[in-house]
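One structure is given below, encoded as structure tokens.
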Amino acid sequence: MPDKETHSDATQELPTTDPYPNSRVFTWLDDRLGLSHPIMGKAFPEDDYGSFLLGEIALFTFVILALTGTFLGMLYQPSAEAVTYSGNALSYAGTEVPGAFASVLNITYDVPFGMFIRMVHHWGAYLFVAAIGLHMFRVFFSGAYRNPHEPNWFVGSGLLLLALVEGFFGYALPFDNFSKTATVIGFQMTGTIPVLGTKMQLLLFGGEFPANASSVLPRMFFMHVLLLPGLIVGLIALHMAILMRQKHTEHAPSSREGPHNYLEKDDDTYVAGIPLFPQQFLVTIIVFLLTAATLSFLAGFFPVQRIAILGPADPTSTPSHVGPDWFFMWVFGALKLVPSSMGAFGRFIGGVAIPTVMIGAMVIWPLVDNEDEPVHFAADPLDRPLQTAVGVGAIMLVVTMSIAGMQHTVAEVIGMSKQALYPWLVALNLAVPTLEALAVYALLKRRQARLGGGSATTADTGASAGTPATDDD
Amino acid sequence: MAEHDPEPELDEPIYEEQEMTRRQVAKTLTAVSGAAAIGGFTVDAIAGLSTAGSLAAEKAGGPVYVEGTRLVTEKGDPITVDSLAPDEAGSMTVFPEKEGGGAVVSARSTTILMRFPEGDYEKPTNVDGTAKGYVAYSAVCTHEGCAVGAKDGKIHCPCHQSIYDPLSGAEVTGGPAPRALPQLPLGVADDEDGTLVMATGPFEGPIGVSH
């Protein structure tokens, strides 16, 4: 992504142009656009695990989502009015279904390559959220959110939230009976927000759902294809700008061993790594192609949200195994775990308060675990018992809440009644994350003690003290 | 602020103070007009967008049944006393009849009709609101508004696994639902179509989710 400011200081004598005197294309472009901007040499630190590429995967998934979404948006009709479907999907041919459902049937079964593009879009949504989540795991466990990187943690958290909301509105659009149910629940959850609830329902959805679906669908469609993607693009730009400004975090100085050992190992005032162009640029192309290939594979072989099976939105019935996309399963679980005795207030606790507190804790974490001095090296999670334990416990909580969200299926698989399962699910959610966090903490503390006092300083000053020696390799 | 010197050294402090004041006035005016412009558009947008929704939302309210509304299937066929067998704890989804025939099919009007032996009902069921062993409840879950269904003599919500007991006023016996489903009082009356089941009044409580 070359910056556009290049023109003014175009003719800087940088060595980066020299390696390509034989490339007439490069020379031609360089003469006119001044490609040899310092930004081309931006260092991308070495990373044996590929974990520094997770953010790129999220970025490219967004690109693919935007492209496939453009295709779908041109064919989709945000209408709840009944129309007669006449296409290839036999079980619906000649029947009256909502316009939105008919248009998605049309995309899926009648438009050439429509089903493939729709599935890439759906899997892309899964991968987008997953890649952001994994990217945040990497940042969290390696302590890359610490001073001075807190702003980018906040921006990144915003991107995760926008991705989730995008997922919610996108899920609603086909107006099948699953997505209708999800939208009803989201609509009702919004209504539990004190004071602002009803106002926000009308603002976000544009009317009562499903009674006024014909005014709700266009609004959700517009938010899904313009407002939210626009915000995402803006935040991605901000995310990148902050990254450029602050530079990448880098693995502990061990990565400077080998051929680069002339560098100062403990000096974190500069970043060592491969330049953006051409080396990282090629890596990036590979990541993009692999992302596209993975999504194509998944879309081709594992179709999801098959609306012909789910059936059109029916206000009078709810399918028996209804559930949201996986990234909302934990909220779905929170709604189930709140006991009936809490009354209407319990709906606010489960649907709004618990998720808000959990997301809020995630967002403000860099302010809780703060450092006075800037840290530019990534930490080894094994050297940070408290933070790693908190992270593992939090991930485990989301997992156990998701299991509670799948109560129905769990009950069927282990052959228990849903009611008998409920206390176990509550216990699971309270005990497992706590125990696991404590166990991780105890283990890592023991490890620290075993390795001696050296690592005690590590916890304070980040990884820059003496960590490389403790690496297991 | 100028210091309290007895000797008036007029030039500098006063000149500086004036310059600051003018700049601050300019800044304040810019801030106020900027905030007014942004705030005005924001208020316009929020008010417009949310009011457009509420205008549409008004159509959704109102009672679903009144006294004498006949219960019909989704296709509009009237429910008779023989629609469900007396002792099988059977159930079906019914709707209020539209004026002039057919059914009013919407989420709020969806009603679950069950039939049990007449003596099986317990408090807090409105036993007067049952007829020939028939009982009817709103099919909108009071938790998050999903449509409930009957299975094994209980009413289940497929979304978050709330369970209601139709024999005791659809009280919540499991899951997160905050309150019982509202009951629809029923009666039977002879008609040219046979002995029909009909409502003797509206639902005895708010339909679905209430805040």
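Labeling convention for the structure tokens: chains A, B, ... as they appear, residues from 1 per chain, ligands from 1 in order of appearance.
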
Where in chain B does DSSP assign alpha helix (DSSP H), given as a ChimeraX atom specification? /B:11-57

Do you know which residues are at most 12 Å from Glu412 of chain A counting only C-alpha atoms, after dropping those on the same chain fewer than 6 positions away, and could you put them as number ranges by chain? A: 321, 406, 418-421

Take the residues that were just selected and, keeping N, CA and C atoms, output them as a PDB file, in the first residue's frame.
```pdb
ATOM      1  N   HIS A 321     -34.045 -26.210  16.084  1.00  0.00           N
ATOM      2  CA  HIS A 321     -32.638 -26.155  16.491  1.00  0.00           C
ATOM      3  C   HIS A 321     -32.035 -24.802  16.165  1.00  0.00           C
ATOM      4  N   MET A 406     -25.450 -23.809  23.054  1.00  0.00           N
ATOM      5  CA  MET A 406     -25.855 -24.994  22.298  1.00  0.00           C
ATOM      6  C   MET A 406     -26.524 -26.031  23.204  1.00  0.00           C
ATOM      7  N   LYS A 418     -33.084 -31.042  28.964  1.00  0.00           N
ATOM      8  CA  LYS A 418     -32.544 -29.691  28.966  1.00  0.00           C
ATOM      9  C   LYS A 418     -32.577 -29.098  30.380  1.00  0.00           C
ATOM     10  N   GLN A 419     -33.628 -29.446  31.117  1.00  0.00           N
ATOM     11  CA  GLN A 419     -33.740 -28.907  32.466  1.00  0.00           C
ATOM     12  C   GLN A 419     -32.665 -29.479  33.384  1.00  0.00           C
ATOM     13  N   ALA A 420     -32.402 -30.792  33.240  1.00  0.00           N
ATOM     14  CA  ALA A 420     -31.396 -31.413  34.094  1.00  0.00           C
ATOM     15  C   ALA A 420     -30.007 -30.881  33.753  1.00  0.00           C
ATOM     16  N   LEU A 421     -29.839 -30.489  32.514  1.00  0.00           N
ATOM     17  CA  LEU A 421     -28.527 -30.012  32.075  1.00  0.00           C
ATOM     18  C   LEU A 421     -28.224 -28.620  32.606  1.00  0.00           C
TER      19      LEU A 421
END
```

Taking only C-alpha atoms into account, which residues of chain B are within 9 Å of chain A, as JSON, numbers by chain? {"B": [46, 47, 48, 49, 50, 51, 52, 53, 54, 55, 56, 57, 58, 59, 60, 93, 105, 106, 107, 108, 109, 110, 111, 139, 140, 142, 143, 144, 145, 146, 147, 148, 149, 157, 158, 159, 160, 161, 162, 163, 172, 173, 174, 175, 176, 177, 178, 179, 209, 210, 211]}

Skip segment 120-124 of chain B itself and residues of its chain fewer than 4 positions away, then list as number ranges by chain all residues within 8 Å of it, counting only C-alpha atoms. B: 116, 167-169, 171

Residues near Glu204 of chain B, anyone? I mean within 8 Å using only C-alpha atoms, not counting same-chain ones fewer than 2 positions away, as a PyMOL selection string. chain B and resi 182-185+202+206

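The two atoms in question, atom CA of Ala82 of chain A and atom CA of Val72 of chain B, are spaced 22.0 Å apart.
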
As JSON, numbers by chain, please: the residues near segment 373-380 of chain A (cut-off 7 Å, only C-alpha atoms, same-chain neighbours under 3 positions excluded). {"A": [142, 143, 144, 146, 147, 148, 249, 250, 251, 252, 268, 383, 462, 463, 464]}
